[in-house]
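Coordinates from run.txt are shown below (compact mmCIF, N, CA and C atoms and all ligand atoms).
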```
# COMPACT_ATOMS: atom_id res chain seq x y z
N MET A 20 -6.91 -100.27 -18.87
CA MET A 20 -8.04 -99.76 -18.09
C MET A 20 -7.72 -99.82 -16.61
N ARG A 21 -8.18 -98.83 -15.88
CA ARG A 21 -7.96 -98.80 -14.43
C ARG A 21 -9.27 -99.18 -13.72
N CYS A 22 -9.41 -100.46 -13.37
CA CYS A 22 -10.60 -100.91 -12.66
C CYS A 22 -10.57 -100.37 -11.23
N ALA A 23 -11.71 -99.82 -10.78
CA ALA A 23 -11.80 -99.26 -9.44
C ALA A 23 -12.23 -100.31 -8.42
N HIS A 24 -12.48 -101.55 -8.89
CA HIS A 24 -12.94 -102.64 -8.03
C HIS A 24 -14.18 -102.23 -7.22
N CYS A 25 -15.04 -101.46 -7.86
CA CYS A 25 -16.27 -101.03 -7.20
C CYS A 25 -17.29 -102.17 -7.14
N ARG A 26 -17.12 -103.16 -8.03
CA ARG A 26 -17.94 -104.38 -8.10
C ARG A 26 -19.37 -104.15 -8.53
N ARG A 27 -19.63 -103.01 -9.14
CA ARG A 27 -20.98 -102.80 -9.68
C ARG A 27 -21.31 -103.87 -10.70
N CYS A 28 -20.29 -104.35 -11.39
CA CYS A 28 -20.54 -105.33 -12.46
C CYS A 28 -20.84 -106.72 -11.90
N CYS A 29 -20.72 -106.90 -10.59
CA CYS A 29 -21.03 -108.21 -9.97
C CYS A 29 -22.42 -108.22 -9.37
N ARG A 30 -23.12 -107.09 -9.46
CA ARG A 30 -24.45 -106.97 -8.87
C ARG A 30 -25.50 -107.28 -9.92
N GLU A 31 -26.47 -108.15 -9.55
CA GLU A 31 -27.54 -108.54 -10.48
C GLU A 31 -26.96 -108.85 -11.86
N THR A 32 -25.97 -109.71 -11.86
CA THR A 32 -25.29 -110.02 -13.12
C THR A 32 -26.18 -110.81 -14.08
N GLU A 33 -25.98 -110.56 -15.36
CA GLU A 33 -26.64 -111.35 -16.41
C GLU A 33 -25.57 -111.90 -17.34
N MET A 34 -24.38 -112.12 -16.77
CA MET A 34 -23.25 -112.53 -17.60
C MET A 34 -23.48 -113.89 -18.26
N GLU A 35 -23.32 -113.90 -19.58
CA GLU A 35 -23.49 -115.15 -20.33
C GLU A 35 -22.25 -116.03 -20.18
N LEU A 36 -22.48 -117.34 -20.24
CA LEU A 36 -21.40 -118.29 -20.02
C LEU A 36 -21.23 -119.21 -21.21
N SER A 37 -19.98 -119.44 -21.56
CA SER A 37 -19.68 -120.44 -22.60
C SER A 37 -19.46 -121.79 -21.92
N GLU A 38 -19.44 -122.85 -22.73
CA GLU A 38 -19.11 -124.17 -22.19
C GLU A 38 -17.72 -124.15 -21.57
N GLY A 39 -16.81 -123.40 -22.18
CA GLY A 39 -15.45 -123.30 -21.64
C GLY A 39 -15.44 -122.65 -20.27
N ASP A 40 -16.23 -121.58 -20.11
CA ASP A 40 -16.33 -120.93 -18.80
C ASP A 40 -16.83 -121.91 -17.75
N MET A 41 -17.89 -122.65 -18.11
CA MET A 41 -18.52 -123.55 -17.13
C MET A 41 -17.60 -124.73 -16.79
N ALA A 42 -16.91 -125.24 -17.79
CA ALA A 42 -15.98 -126.35 -17.53
C ALA A 42 -14.85 -125.89 -16.60
N ARG A 43 -14.37 -124.69 -16.83
CA ARG A 43 -13.29 -124.16 -15.98
C ARG A 43 -13.76 -124.02 -14.53
N LEU A 44 -14.96 -123.52 -14.34
CA LEU A 44 -15.50 -123.35 -12.98
C LEU A 44 -15.82 -124.70 -12.34
N GLU A 45 -16.22 -125.67 -13.17
CA GLU A 45 -16.45 -127.02 -12.63
C GLU A 45 -15.13 -127.63 -12.17
N ARG A 46 -14.07 -127.38 -12.91
CA ARG A 46 -12.76 -127.92 -12.49
C ARG A 46 -12.33 -127.31 -11.16
N ARG A 47 -12.88 -126.17 -10.83
CA ARG A 47 -12.59 -125.51 -9.55
C ARG A 47 -13.45 -126.09 -8.42
N GLY A 48 -14.31 -127.05 -8.77
CA GLY A 48 -15.10 -127.73 -7.74
C GLY A 48 -16.53 -127.25 -7.62
N HIS A 49 -16.97 -126.37 -8.51
CA HIS A 49 -18.34 -125.86 -8.44
C HIS A 49 -19.26 -126.72 -9.32
N ARG A 50 -20.50 -126.88 -8.86
CA ARG A 50 -21.48 -127.60 -9.67
C ARG A 50 -22.20 -126.59 -10.56
N ARG A 51 -22.35 -127.00 -11.82
CA ARG A 51 -22.95 -126.12 -12.82
C ARG A 51 -24.31 -125.58 -12.38
N GLN A 52 -25.12 -126.47 -11.79
CA GLN A 52 -26.46 -126.03 -11.40
C GLN A 52 -26.43 -125.02 -10.25
N ASP A 53 -25.31 -124.93 -9.56
CA ASP A 53 -25.19 -123.97 -8.46
C ASP A 53 -24.79 -122.57 -8.93
N PHE A 54 -24.09 -122.51 -10.06
CA PHE A 54 -23.61 -121.17 -10.47
C PHE A 54 -24.22 -120.67 -11.77
N ALA A 55 -24.98 -121.54 -12.47
CA ALA A 55 -25.52 -121.12 -13.76
C ALA A 55 -27.03 -121.30 -13.80
N VAL A 56 -27.69 -120.41 -14.53
CA VAL A 56 -29.13 -120.49 -14.76
C VAL A 56 -29.32 -120.53 -16.27
N MET A 57 -30.08 -121.53 -16.74
CA MET A 57 -30.32 -121.63 -18.19
C MET A 57 -31.48 -120.74 -18.59
N GLY A 58 -31.25 -119.84 -19.55
CA GLY A 58 -32.30 -118.96 -20.02
C GLY A 58 -33.19 -119.65 -21.04
N GLU A 59 -34.38 -119.08 -21.28
CA GLU A 59 -35.29 -119.65 -22.27
C GLU A 59 -34.67 -119.60 -23.67
N ASP A 60 -33.68 -118.73 -23.83
CA ASP A 60 -32.99 -118.63 -25.13
C ASP A 60 -31.89 -119.67 -25.28
N GLY A 61 -31.77 -120.58 -24.28
CA GLY A 61 -30.75 -121.62 -24.36
C GLY A 61 -29.38 -121.16 -23.95
N ILE A 62 -29.29 -119.94 -23.40
CA ILE A 62 -27.99 -119.40 -22.99
C ILE A 62 -27.89 -119.43 -21.46
N PRO A 63 -26.83 -120.08 -20.94
CA PRO A 63 -26.64 -120.08 -19.49
C PRO A 63 -26.02 -118.76 -19.02
N ARG A 64 -26.46 -118.32 -17.87
CA ARG A 64 -25.93 -117.07 -17.30
C ARG A 64 -25.57 -117.30 -15.84
N LEU A 65 -24.69 -116.47 -15.32
CA LEU A 65 -24.31 -116.56 -13.91
C LEU A 65 -25.55 -116.41 -13.03
N ARG A 66 -25.60 -117.20 -12.00
CA ARG A 66 -26.69 -117.13 -11.03
C ARG A 66 -26.43 -116.01 -10.03
N ASN A 67 -27.49 -115.40 -9.54
CA ASN A 67 -27.37 -114.39 -8.48
C ASN A 67 -27.88 -114.96 -7.16
N ALA A 68 -27.38 -114.44 -6.06
CA ALA A 68 -27.86 -114.78 -4.73
C ALA A 68 -27.85 -113.49 -3.92
N ASP A 69 -29.00 -113.14 -3.37
CA ASP A 69 -29.13 -111.90 -2.60
C ASP A 69 -28.68 -110.68 -3.42
N GLY A 70 -28.96 -110.72 -4.71
CA GLY A 70 -28.66 -109.56 -5.53
C GLY A 70 -27.25 -109.48 -6.08
N TRP A 71 -26.45 -110.47 -5.76
CA TRP A 71 -25.07 -110.47 -6.26
C TRP A 71 -24.77 -111.78 -6.96
N CYS A 72 -23.80 -111.74 -7.85
CA CYS A 72 -23.30 -112.96 -8.48
C CYS A 72 -22.93 -113.97 -7.38
N VAL A 73 -23.20 -115.26 -7.62
CA VAL A 73 -22.91 -116.27 -6.60
C VAL A 73 -21.42 -116.32 -6.23
N PHE A 74 -20.58 -115.84 -7.10
CA PHE A 74 -19.14 -115.90 -6.80
C PHE A 74 -18.64 -114.64 -6.07
N TYR A 75 -19.54 -113.70 -5.85
CA TYR A 75 -19.13 -112.48 -5.16
C TYR A 75 -19.09 -112.72 -3.66
N ASP A 76 -17.97 -112.37 -3.07
CA ASP A 76 -17.79 -112.48 -1.63
C ASP A 76 -18.05 -111.10 -1.03
N ALA A 77 -19.25 -110.92 -0.45
CA ALA A 77 -19.64 -109.60 0.04
C ALA A 77 -18.73 -109.15 1.19
N GLY A 78 -18.31 -110.11 2.03
CA GLY A 78 -17.47 -109.74 3.17
C GLY A 78 -16.13 -109.19 2.74
N ALA A 79 -15.55 -109.86 1.77
CA ALA A 79 -14.22 -109.43 1.29
C ALA A 79 -14.33 -108.39 0.17
N GLY A 80 -15.54 -108.27 -0.41
CA GLY A 80 -15.72 -107.32 -1.49
C GLY A 80 -14.95 -107.70 -2.74
N ARG A 81 -14.93 -109.00 -3.03
CA ARG A 81 -14.18 -109.43 -4.21
C ARG A 81 -14.79 -110.70 -4.81
N CYS A 82 -14.32 -111.01 -6.00
CA CYS A 82 -14.75 -112.23 -6.69
C CYS A 82 -13.98 -113.42 -6.13
N ARG A 83 -14.73 -114.46 -5.73
CA ARG A 83 -14.06 -115.66 -5.18
C ARG A 83 -13.36 -116.47 -6.25
N GLU A 84 -13.74 -116.25 -7.50
CA GLU A 84 -13.13 -117.03 -8.59
C GLU A 84 -12.50 -116.09 -9.62
N TYR A 85 -11.85 -115.07 -9.13
CA TYR A 85 -11.34 -114.02 -10.03
C TYR A 85 -10.46 -114.61 -11.14
N ARG A 86 -9.56 -115.52 -10.78
CA ARG A 86 -8.65 -116.07 -11.79
C ARG A 86 -9.34 -117.00 -12.77
N SER A 87 -10.48 -117.54 -12.36
CA SER A 87 -11.22 -118.47 -13.22
C SER A 87 -12.53 -117.86 -13.68
N ARG A 88 -12.70 -116.57 -13.51
CA ARG A 88 -13.98 -115.94 -13.82
C ARG A 88 -14.29 -116.06 -15.32
N PRO A 89 -15.58 -115.96 -15.65
CA PRO A 89 -15.97 -116.08 -17.06
C PRO A 89 -15.26 -115.04 -17.93
N LEU A 90 -15.07 -115.43 -19.19
CA LEU A 90 -14.37 -114.51 -20.09
C LEU A 90 -15.12 -113.19 -20.24
N GLY A 91 -16.47 -113.25 -20.19
CA GLY A 91 -17.24 -112.02 -20.28
C GLY A 91 -16.90 -111.04 -19.16
N CYS A 92 -16.59 -111.57 -17.98
CA CYS A 92 -16.18 -110.72 -16.85
C CYS A 92 -14.79 -110.12 -17.11
N VAL A 93 -13.93 -110.91 -17.75
CA VAL A 93 -12.59 -110.43 -18.07
C VAL A 93 -12.67 -109.26 -19.07
N LEU A 94 -13.58 -109.39 -20.04
CA LEU A 94 -13.67 -108.40 -21.12
C LEU A 94 -14.49 -107.17 -20.73
N TYR A 95 -15.32 -107.29 -19.70
CA TYR A 95 -16.13 -106.17 -19.23
C TYR A 95 -15.21 -104.99 -18.87
N PRO A 96 -15.63 -103.74 -19.12
CA PRO A 96 -16.96 -103.24 -19.46
C PRO A 96 -17.28 -103.20 -20.95
N VAL A 97 -16.45 -103.86 -21.77
CA VAL A 97 -16.79 -103.91 -23.19
C VAL A 97 -17.98 -104.84 -23.35
N ASN A 98 -18.95 -104.39 -24.12
CA ASN A 98 -20.21 -105.10 -24.26
C ASN A 98 -20.69 -104.96 -25.70
N MET A 99 -21.73 -105.67 -26.03
CA MET A 99 -22.28 -105.55 -27.38
C MET A 99 -23.72 -105.08 -27.30
N ALA A 100 -24.05 -104.03 -28.04
CA ALA A 100 -25.43 -103.53 -28.07
C ALA A 100 -26.28 -104.48 -28.91
N GLU A 101 -27.61 -104.32 -28.82
CA GLU A 101 -28.51 -105.22 -29.54
C GLU A 101 -28.30 -105.17 -31.04
N ASP A 102 -27.82 -104.02 -31.54
CA ASP A 102 -27.59 -103.92 -32.98
C ASP A 102 -26.21 -104.44 -33.39
N GLY A 103 -25.49 -105.06 -32.42
CA GLY A 103 -24.21 -105.67 -32.75
C GLY A 103 -23.02 -104.73 -32.65
N VAL A 104 -23.26 -103.50 -32.24
CA VAL A 104 -22.16 -102.54 -32.11
C VAL A 104 -21.45 -102.76 -30.78
N ILE A 105 -20.11 -102.74 -30.81
CA ILE A 105 -19.33 -102.88 -29.59
C ILE A 105 -19.38 -101.55 -28.82
N ILE A 106 -19.75 -101.64 -27.54
CA ILE A 106 -19.90 -100.45 -26.71
C ILE A 106 -19.16 -100.65 -25.38
N VAL A 107 -19.04 -99.56 -24.63
CA VAL A 107 -18.53 -99.63 -23.26
C VAL A 107 -19.74 -99.45 -22.35
N ASP A 108 -19.98 -100.42 -21.47
CA ASP A 108 -21.16 -100.38 -20.61
C ASP A 108 -21.10 -99.15 -19.70
N GLU A 109 -22.15 -98.36 -19.74
CA GLU A 109 -22.15 -97.11 -18.98
C GLU A 109 -22.25 -97.33 -17.47
N LEU A 110 -22.58 -98.55 -17.05
CA LEU A 110 -22.63 -98.85 -15.61
C LEU A 110 -21.24 -98.73 -14.97
N CYS A 111 -20.23 -99.01 -15.74
CA CYS A 111 -18.86 -99.01 -15.20
C CYS A 111 -18.33 -97.58 -15.12
N PRO A 112 -17.92 -97.15 -13.91
CA PRO A 112 -17.44 -95.77 -13.77
C PRO A 112 -16.06 -95.55 -14.39
N GLN A 113 -15.38 -96.63 -14.73
CA GLN A 113 -14.02 -96.51 -15.25
C GLN A 113 -13.92 -96.80 -16.75
N GLY A 114 -15.06 -96.90 -17.40
CA GLY A 114 -15.06 -97.23 -18.82
C GLY A 114 -14.24 -96.25 -19.65
N GLY A 115 -14.19 -95.02 -19.21
CA GLY A 115 -13.45 -93.99 -19.95
C GLY A 115 -11.94 -94.18 -19.90
N THR A 116 -11.47 -95.07 -19.04
CA THR A 116 -10.02 -95.30 -18.95
C THR A 116 -9.55 -96.40 -19.90
N LEU A 117 -10.50 -97.01 -20.63
CA LEU A 117 -10.11 -98.02 -21.63
C LEU A 117 -9.42 -97.32 -22.79
N SER A 118 -8.27 -97.81 -23.19
CA SER A 118 -7.61 -97.23 -24.36
C SER A 118 -8.31 -97.73 -25.62
N SER A 119 -8.09 -97.05 -26.72
CA SER A 119 -8.72 -97.48 -27.98
C SER A 119 -8.20 -98.86 -28.37
N ARG A 120 -6.96 -99.16 -28.04
CA ARG A 120 -6.41 -100.48 -28.35
C ARG A 120 -7.10 -101.57 -27.52
N GLU A 121 -7.30 -101.28 -26.23
CA GLU A 121 -8.00 -102.25 -25.37
C GLU A 121 -9.43 -102.47 -25.86
N LEU A 122 -10.07 -101.39 -26.23
CA LEU A 122 -11.46 -101.49 -26.70
C LEU A 122 -11.54 -102.36 -27.94
N ALA A 123 -10.61 -102.14 -28.88
CA ALA A 123 -10.63 -102.92 -30.11
C ALA A 123 -10.34 -104.39 -29.82
N GLU A 124 -9.35 -104.64 -28.99
CA GLU A 124 -8.96 -106.03 -28.68
C GLU A 124 -10.07 -106.76 -27.90
N ARG A 125 -10.60 -106.09 -26.89
CA ARG A 125 -11.68 -106.73 -26.12
C ARG A 125 -12.92 -106.92 -26.97
N GLY A 126 -13.19 -105.95 -27.85
CA GLY A 126 -14.34 -106.06 -28.74
C GLY A 126 -14.20 -107.27 -29.66
N ARG A 127 -13.00 -107.49 -30.18
CA ARG A 127 -12.75 -108.63 -31.05
C ARG A 127 -12.97 -109.95 -30.29
N ARG A 128 -12.45 -110.00 -29.09
CA ARG A 128 -12.60 -111.23 -28.28
C ARG A 128 -14.05 -111.44 -27.86
N LEU A 129 -14.76 -110.34 -27.59
CA LEU A 129 -16.16 -110.46 -27.18
C LEU A 129 -17.02 -110.99 -28.33
N ARG A 130 -16.78 -110.49 -29.54
CA ARG A 130 -17.53 -110.99 -30.70
C ARG A 130 -17.34 -112.50 -30.85
N SER A 131 -16.10 -112.91 -30.71
CA SER A 131 -15.79 -114.33 -30.84
C SER A 131 -16.49 -115.13 -29.73
N LEU A 132 -16.44 -114.62 -28.51
CA LEU A 132 -17.09 -115.30 -27.38
C LEU A 132 -18.59 -115.42 -27.61
N LEU A 133 -19.22 -114.33 -28.01
CA LEU A 133 -20.68 -114.36 -28.19
C LEU A 133 -21.09 -115.26 -29.35
N ASP A 134 -20.24 -115.32 -30.39
CA ASP A 134 -20.51 -116.26 -31.49
C ASP A 134 -20.49 -117.69 -30.96
N THR A 135 -19.49 -117.98 -30.11
CA THR A 135 -19.38 -119.32 -29.53
C THR A 135 -20.60 -119.64 -28.68
N ILE A 136 -21.00 -118.70 -27.83
CA ILE A 136 -22.16 -118.92 -26.94
C ILE A 136 -23.42 -119.14 -27.78
N ASP A 137 -23.58 -118.38 -28.85
CA ASP A 137 -24.76 -118.56 -29.72
C ASP A 137 -24.74 -119.92 -30.39
N ARG A 138 -23.57 -120.35 -30.86
CA ARG A 138 -23.47 -121.68 -31.52
C ARG A 138 -23.80 -122.78 -30.51
N GLU A 139 -23.30 -122.63 -29.29
CA GLU A 139 -23.58 -123.64 -28.26
C GLU A 139 -25.07 -123.68 -27.92
N ALA A 140 -25.71 -122.50 -27.90
CA ALA A 140 -27.16 -122.45 -27.60
C ALA A 140 -27.96 -123.14 -28.69
N GLU A 141 -27.53 -122.97 -29.95
CA GLU A 141 -28.26 -123.59 -31.07
C GLU A 141 -28.23 -125.11 -30.99
N LYS A 142 -27.15 -125.65 -30.42
CA LYS A 142 -27.01 -127.12 -30.34
C LYS A 142 -27.83 -127.71 -29.20
N ARG A 143 -28.31 -126.87 -28.27
CA ARG A 143 -29.01 -127.42 -27.08
C ARG A 143 -30.44 -127.81 -27.44
S1 LIG B 1 -17.89 -101.76 -12.75
FE1 LIG B 1 -15.95 -101.26 -13.83
S2 LIG B 1 -14.64 -100.28 -12.28
FE2 LIG B 1 -16.29 -101.36 -11.18
S3 LIG B 1 -15.40 -103.40 -10.73
FE3 LIG B 1 -16.56 -103.58 -12.67
S4 LIG B 1 -14.99 -103.25 -14.27
FE4 LIG B 1 -14.11 -102.46 -12.34
S1 LIG B 2 -17.71 -114.19 -11.69
FE1 LIG B 2 -16.65 -112.75 -10.36
S2 LIG B 2 -16.19 -110.97 -11.65
FE2 LIG B 2 -17.81 -112.14 -12.67
S3 LIG B 2 -19.77 -111.23 -11.98
FE3 LIG B 2 -19.25 -112.96 -10.60
S4 LIG B 2 -18.18 -112.07 -8.86
FE4 LIG B 2 -18.14 -110.56 -10.55
```
Write the structure described by the file as structure tokens, please.
Amino acid sequence: MRCAHCRRCCRETEMELSEGDMARLERRGHRRQDFAVMGEDGIPRLRNADGWCVFYDAGAGRCREYRSRPLGCVLYPVNMAEDGVIIVDELCPQGGTLSSRELAERGRRLRSLLDTIDREAEKR
């Protein structure tokens, strides 16, 4: 896929976080309560500030934690619809550049990630 680095996906993010994502970001020196918001469904999501993900650097126009970003951000624009079907998020202008192989691979990893996040939410 050819990402245009337009950063639309960092605006008003609702990205779900696994325990692994949060532990990785904590090892980078961030406090969980500063970057995550717990939903009523027991699922933590990235926090926003001024309409952008807290890790978005508006001045530089980039993610401050790109190498440690949540797996959901890595797999984006592959997403899962409410009926469980793997889709390409229409918000991303470059979704059409995903190859069928990338779509299948990211879809497989996304299913696994969301299963993990759901299991973690059930334990809370
Ligand atoms: S919306 Fe798509 S093209 Fe834009 S930064 Fe995100 S992944 Fe890249
Ligand atoms: S963690 Fe980085 S890539 Fe993910 S939404 Fe935030 S700024 Fe964007």
Could you work out an axis-aligned bounding box for all listed atoms of ligand LIG 1 (chain B), with 3 Å added on each of the six sides, and give its centre and edge lengths in Å to one decimal, as lines of an AutoDock Vina configuration file?
```
center_x = -16.0
center_y = -101.9
center_z = -12.5
size_x = 9.8
size_y = 9.3
size_z = 9.5
```
Legend entry - Expected answer as a PyMOL selection string: residues within 5 Å of ligand LIG 2 (chain B), only N, CA and C atoms and all ligand atoms: chain A and resi 28-29+72+74-75+82+88-89+92
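Across the model, the gap from atom C of Asp134 in chain A to atom C of Gln113 in chain A is 26.1 Å.
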Taking a cut-off of 6 Å and counting all atoms listed in the file, can you build a table that, for each residue of chain A near ligand LIG 1 (chain B), reports the nearest atom pair and how far apart they are in Å (one decimal), sorted by chain then residue number, as a tab-separated table?
```
residue	atom	partner	partner_atom	distance
A:Arg21	C	B:LIG1	S2	5.7
A:Cys22	CA	B:LIG1	FE4	3.9
A:Ala23	N	B:LIG1	S2	3.3
A:His24	CA	B:LIG1	S3	3.7
A:Cys25	N	B:LIG1	S3	3.5
A:Arg26	N	B:LIG1	S3	3.2
A:Arg27	N	B:LIG1	S1	4.2
A:Cys28	N	B:LIG1	S1	3.8
A:Cys29	N	B:LIG1	FE3	5.7
A:Tyr95	C	B:LIG1	S4	4.9
A:Pro96	N	B:LIG1	S4	4.9
A:Leu110	C	B:LIG1	S1	5.0
A:Cys111	CA	B:LIG1	S1	3.8
A:Pro112	N	B:LIG1	FE1	4.6
A:Gln113	N	B:LIG1	S2	4.5
A:Gly114	N	B:LIG1	FE1	5.7
```
Inset, instruction - May I have the residues within 10 Å of Leu90 in chain A as number ranges by chain, using only C-alpha atoms and disregarding those fewer than 3 positions away in the same chain? - result: A: 34-37, 39-40, 87, 93-95, 128-129, 132
Inset, instruction - Per DSSP on the backbone, filter range 27-76 of chain A down to the residues in strand (DSSP E) and report them as a PyMOL selection string. - result: chain A and resi 55-57+63-65+67-68+71-72+75-76
Inset, instruction - Write down as a ChimeraX atom specification the residues belonging to range 98-130 of chain A that are assigned helix (DSSP H, G or I) by DSSP computed on the backbone. - result: /A:114-116,119-130
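A straight line drawn from CA of Asp76 in chain A to CA of Met41 in chain A is 19.1 Å long.
Counting only C-alpha atoms, the residue from A:Ala100, A:Ser118, A:Glu38, A:Val73 that sits nearest to Asp53 in chain A is A:Val73.
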Inset, instruction - May I ask for the distance between CA of Ile106 in chain A and CA of Ser119 in chain A, given in Å to one decimal place? - result: 11.6 Å
Legend entry - Residue list as a ChimeraX atom specification for point (-25.9, -105.7, -4.4), cut-off 6 Å, only N, CA and C atoms: /A:30-31,69-71
